[in-house]
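Engineer: Can you read through this structure? Questions will come right after.
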Amino acid sequence: MTPRERILTAARRGKPDRVPLDIWYTGEVRDKLLKHFGVATDVEIWRRLHLDKIVGVGPKYIGPPARDLPGGLKLMPPWWTTQKEIHYGTGSYWETVDWPLKNATTIAELEQFQWPSADWYDFSEIETQCDAWPDNAIEGCYVAPFYWHNHIRGLEQSCMDLIAEPELTEYALGRITQFCWEYATRCFEAGKGKIHLTQVTDDYGSQHGLMISEEAYLRWFKPIQKKFIDLAHSAGTLVMHHDDGAIRPLIPHFVELGVDILNPIQHVCPGMEMAGLKRDYGAKLCFHGGVDNQDVLPHGSVADVQREVRDCLRTLGAGGGYILAPCHNIQPVSPVENIVAMYETAYAEGKY
């Protein structure tokens with residue numbers, strides 16, 4: 001099988017010739033792997049690790065530019081968050097330190113905000129991007145209404161809004177949905193049927209439970225997700241839902257909506273045990289991820305990593321419908337030998 005055939009067979013809950021392998025990593029991890037293998041490109045890393053890499057495509061941003069602010073800060077489009085590069089010793093992230101509408105109390109203030117527009121993107125090269133990867137599964141478009149609401153209001157305020165500020169929430173989510181609909185529609189039209197996977201996603205889970213109630217999800221976000229999942233399926237595209245943490249109460253809703261692939265399977269969280277997920281949802285969902293990168297990959301031994309991979313293959317991979325990957329971006333604290341061990345073990349032992 002080609003990597004594309006392998007990924008799409010698993011995504012449709014089938015059994016390919018072996019468990020397909022995918023990767024997410026930070027820039028620092030990429031640099032470490034380039035050096036380790038003595039290669040110059042991501043594709044060469046993928047080959048060395050036997051990956052069936054899902055390749056992302058997307059429009060070029062042509063809208064209002066980012067603006068430099070005093071103190072090393074940047075005002076970043078399209079949601080106009082204020083960000084600062086934070087160094088963590090082994091790596092760095094541009095973290096959001098301020099939110100544009102965090103103090104808004106009226107609809108008038110929301111109306112005055114410079115909301116993103118699909119016109120800020122050039123979609124003309126998406127088909128060409130797809131054609132450049134004839135052997136790989138192509139992922140395009142990303143819709144995350146709760147996440148974008150977090151961007152404009154801040155996580156704490158956006159969660160409180162769902163209960164305390166229904167009028168502001170309805171207006172804000174309406175504008176977010178309007179932008180996402182125009183963006184997604186243009187993505188799928190430009191892809192001309194060549195986009196295989198898309199993300200209709202969000203992060204509702206914490207390490208111990210949901211960040212918002214199931215009732216809040218049902219009121220505010222399930223109807224939005226349905227619109228975009230139906231749109232994706234009408235374009236012939238499979239839907240991946242990325243959701244960190246302990247999200248077990250929401251999984252039946254994702255199944256009802258038609259989610260095809262669930263990521264990242266953070267199985268150390270309550271309710272996310274692999275055997276239970278496979279038993280209850282393996283006939284309806286493909287699982288993507290599973291390999292723990294909070295403890296095992298960064299802090300475990302090679303033997304620990306091998307044992308983790310075997311557990312994932314045996315449990316999530318049973319009967320097909322599984323794409324092995326880390327349960328989020330591999331962080332630079334993870335030793336290269338552990339990363340290599342993950343994929344070498346999966347490649348050697350992931351055959352059906």
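Every chain in the structure tokens has a letter given in the order shown (A, B, ...), and although residue numbers restart at 1 in each chain, ligands are simply numbered from 1 in the order shown.
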Would you return as JSON, numbers by chain the members of range 111-269 of chain A that DSSP assigns to strand (DSSP E or B) on this structure's backbone?
Structural biologist: {"A": [121, 122, 138, 139, 140, 141, 142, 143, 197, 198, 199, 200, 205, 210, 238, 239, 240, 241, 242, 261, 262, 263]}
Engineer: Report as a PyMOL selection string all protein, DNA and RNA residues lying within 7 Å of range 9-16 of chain A, evaluated on only C-alpha atoms, omitting residues in the same chain fewer than 4 positions from it.
Structural biologist: chain A and resi 5+260-261+285-286+319-323
Engineer: Can you pull out every residue within 12 Å of Lys32 in chain A, counting only C-alpha atoms, but drop anything in the same chain fewer than 4 positions away, and send it as a ChimeraX atom specification?
Structural biologist: /A:25-28,36-42,45,90-91,330-337,339-340
Engineer: How would the residues just picked look written out with N, CA, C and O atoms as an mmCIF file, in the first residue's frame?
Structural biologist:
data_model
loop_
_atom_site.group_PDB
_atom_site.id
_atom_site.type_symbol
_atom_site.label_atom_id
_atom_site.label_comp_id
_atom_site.auth_asym_id
_atom_site.auth_seq_id
_atom_site.Cartn_x
_atom_site.Cartn_y
_atom_site.Cartn_z
ATOM 1 N N TYR A 25 5.417 17.156 15.515
ATOM 2 C CA TYR A 25 6.568 17.538 16.328
ATOM 3 C C TYR A 25 6.815 19.039 16.263
ATOM 4 O O TYR A 25 6.352 19.726 15.361
ATOM 5 N N THR A 26 7.535 19.535 17.245
ATOM 6 C CA THR A 26 7.912 20.952 17.265
ATOM 7 C C THR A 26 9.102 21.175 16.347
ATOM 8 O O THR A 26 9.776 20.230 15.907
ATOM 9 N N GLY A 27 9.380 22.448 16.074
ATOM 10 C CA GLY A 27 10.527 22.786 15.246
ATOM 11 C C GLY A 27 11.841 22.316 15.836
ATOM 12 O O GLY A 27 12.751 21.881 15.105
ATOM 13 N N GLU A 28 11.949 22.358 17.154
ATOM 14 C CA GLU A 28 13.191 21.911 17.793
ATOM 15 C C GLU A 28 13.399 20.416 17.615
ATOM 16 O O GLU A 28 14.514 19.952 17.392
ATOM 17 N N HIS A 36 20.257 14.112 13.701
ATOM 18 C CA HIS A 36 20.467 12.702 14.044
ATOM 19 C C HIS A 36 20.627 11.840 12.795
ATOM 20 O O HIS A 36 21.512 10.968 12.739
ATOM 21 N N PHE A 37 19.784 12.078 11.812
ATOM 22 C CA PHE A 37 19.828 11.260 10.596
ATOM 23 C C PHE A 37 20.793 11.798 9.547
ATOM 24 O O PHE A 37 21.056 11.123 8.544
ATOM 25 N N GLY A 38 21.286 13.009 9.756
ATOM 26 C CA GLY A 38 22.182 13.604 8.775
ATOM 27 C C GLY A 38 21.493 13.909 7.464
ATOM 28 O O GLY A 38 22.060 13.707 6.378
ATOM 29 N N VAL A 39 20.251 14.387 7.538
ATOM 30 C CA VAL A 39 19.469 14.682 6.347
ATOM 31 C C VAL A 39 19.071 16.155 6.356
ATOM 32 O O VAL A 39 19.306 16.869 7.334
ATOM 33 N N ALA A 40 18.423 16.595 5.250
ATOM 34 C CA ALA A 40 18.168 18.021 5.098
ATOM 35 C C ALA A 40 16.693 18.393 5.038
ATOM 36 O O ALA A 40 16.358 19.576 5.098
ATOM 37 N N THR A 41 15.788 17.419 4.921
ATOM 38 C CA THR A 41 14.375 17.740 4.732
ATOM 39 C C THR A 41 13.479 16.889 5.623
ATOM 40 O O THR A 41 13.869 15.809 6.076
ATOM 41 N N ASP A 42 12.255 17.379 5.807
ATOM 42 C CA ASP A 42 11.262 16.621 6.567
ATOM 43 C C ASP A 42 10.965 15.278 5.903
ATOM 44 O O ASP A 42 10.798 14.266 6.591
ATOM 45 N N ILE A 45 13.274 12.677 6.934
ATOM 46 C CA ILE A 45 12.941 12.198 8.288
ATOM 47 C C ILE A 45 11.811 11.182 8.206
ATOM 48 O O ILE A 45 11.873 10.112 8.823
ATOM 49 N N THR A 90 14.418 23.960 26.849
ATOM 50 C CA THR A 90 14.687 23.072 25.716
ATOM 51 C C THR A 90 14.016 23.553 24.437
ATOM 52 O O THR A 90 14.335 23.069 23.351
ATOM 53 N N GLY A 91 13.085 24.469 24.555
ATOM 54 C CA GLY A 91 12.376 24.954 23.384
ATOM 55 C C GLY A 91 11.567 26.194 23.725
ATOM 56 O O GLY A 91 11.591 26.667 24.866
ATOM 57 N N ILE A 330 5.428 16.055 19.584
ATOM 58 C CA ILE A 330 6.579 15.617 20.366
ATOM 59 C C ILE A 330 7.368 16.853 20.769
ATOM 60 O O ILE A 330 7.667 17.719 19.949
ATOM 61 N N GLN A 331 7.699 16.936 22.058
ATOM 62 C CA GLN A 331 8.391 18.098 22.594
ATOM 63 C C GLN A 331 9.907 17.860 22.623
ATOM 64 O O GLN A 331 10.375 16.724 22.666
ATOM 65 N N PRO A 332 10.690 18.948 22.610
ATOM 66 C CA PRO A 332 12.151 18.792 22.537
ATOM 67 C C PRO A 332 12.780 18.114 23.736
ATOM 68 O O PRO A 332 13.938 17.697 23.665
ATOM 69 N N VAL A 333 12.046 17.962 24.829
ATOM 70 C CA VAL A 333 12.584 17.246 25.978
ATOM 71 C C VAL A 333 12.656 15.742 25.725
ATOM 72 O O VAL A 333 13.335 15.013 26.452
ATOM 73 N N SER A 334 11.969 15.260 24.674
ATOM 74 C CA SER A 334 11.975 13.821 24.374
ATOM 75 C C SER A 334 13.281 13.422 23.693
ATOM 76 O O SER A 334 13.650 14.004 22.672
ATOM 77 N N PRO A 335 13.991 12.418 24.218
ATOM 78 C CA PRO A 335 15.243 11.978 23.602
ATOM 79 C C PRO A 335 15.012 11.401 22.202
ATOM 80 O O PRO A 335 14.010 10.727 21.960
ATOM 81 N N VAL A 336 15.941 11.659 21.322
ATOM 82 C CA VAL A 336 15.831 11.149 19.957
ATOM 83 C C VAL A 336 15.725 9.632 19.952
ATOM 84 O O VAL A 336 14.953 9.056 19.167
ATOM 85 N N GLU A 337 16.481 8.972 20.834
ATOM 86 C CA GLU A 337 16.443 7.506 20.825
ATOM 87 C C GLU A 337 15.047 6.976 21.163
ATOM 88 O O GLU A 337 14.646 5.903 20.691
ATOM 89 N N ILE A 339 12.201 8.590 20.339
ATOM 90 C CA ILE A 339 11.392 8.839 19.148
ATOM 91 C C ILE A 339 11.653 7.749 18.114
ATOM 92 O O ILE A 339 10.718 7.186 17.526
ATOM 93 N N VAL A 340 12.920 7.444 17.895
ATOM 94 C CA VAL A 340 13.275 6.408 16.931
ATOM 95 C C VAL A 340 12.719 5.061 17.374
ATOM 96 O O VAL A 340 12.169 4.298 16.566
#
Engineer: Enumerate as an MDAnalysis selection string all residues of range 58-157 of chain A assigned to helix (DSSP H, G or I) by DSSP on the backbone, naming them with the chain letters and numbers the document uses.
Structural biologist: chainID A and resid 70:72 107:111 118:120 126:131 145:153 155:157
Engineer: Within 12 Å of Pro100 in chain A, counting only C-alpha atoms, which residues show up once you throw out same-chain ones fewer than 6 positions away? Write them as a PyMOL selection string, please.
Structural biologist: chain A and resi 75-83+109-110+112-115+148-154+157
Engineer: Between A:Lys74, A:Arg18, A:His196, A:Arg248, which one has atoms that come closest to Gly317 in chain A, using only C-alpha atoms?
Structural biologist: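 Result for the nearest residue to Gly317 in chain A: A:Arg18.
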Engineer: Could you check the closest approach to Cys159 in chain A for each of A:Ile212, A:Ile229, A:Val255, A:Ala235 and tell me which residue wins, using only C-alpha atoms?
Structural biologist: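 For Cys159 in chain A, the nearest of the candidates is A:Ile212.
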Engineer: Which value, in Å to one decimal, gives the distance between CA of Asn263 in chain A and CA of His87 in chain A?
Structural biologist: 27.2 Å
Engineer: If you count only C-alpha atoms, which residues fall within 10 Å of Asn338 in chain A, apart from same-chain ones fewer than 4 positions away, as a list of chain:residue names?
Structural biologist: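 Everything that qualifies: A:Val296, A:Leu297, A:Pro298, A:His299, A:Gly300, A:Ser301, A:Val302, A:Ala303, A:Asp304, A:Val305, A:Gln306, A:Ser334, A:Met342, A:Tyr343, A:Glu344.
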Engineer: Go ahead and compute the interatomic distance for CA of Ser234 in chain A and CA of Tyr147 in chain A, in Å to one decimal.
Structural biologist: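 About the pair CA of Ser234 in chain A and CA of Tyr147 in chain A: they are 24.2 Å apart.
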Engineer: How many Å separate CA of Asp22 in chain A from CA of Gly271 in chain A?
Structural biologist: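 It comes out at 24.3 Å.
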Engineer: Point out the residue among A:Ile7, A:Ala144, A:Leu162, A:Leu316 with the least atom-to-atom distance to Tyr217 in chain A, counting only C-alpha atoms.
Structural biologist: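 With only C-alpha atoms as the atom set, the closest residue is A:Leu162.
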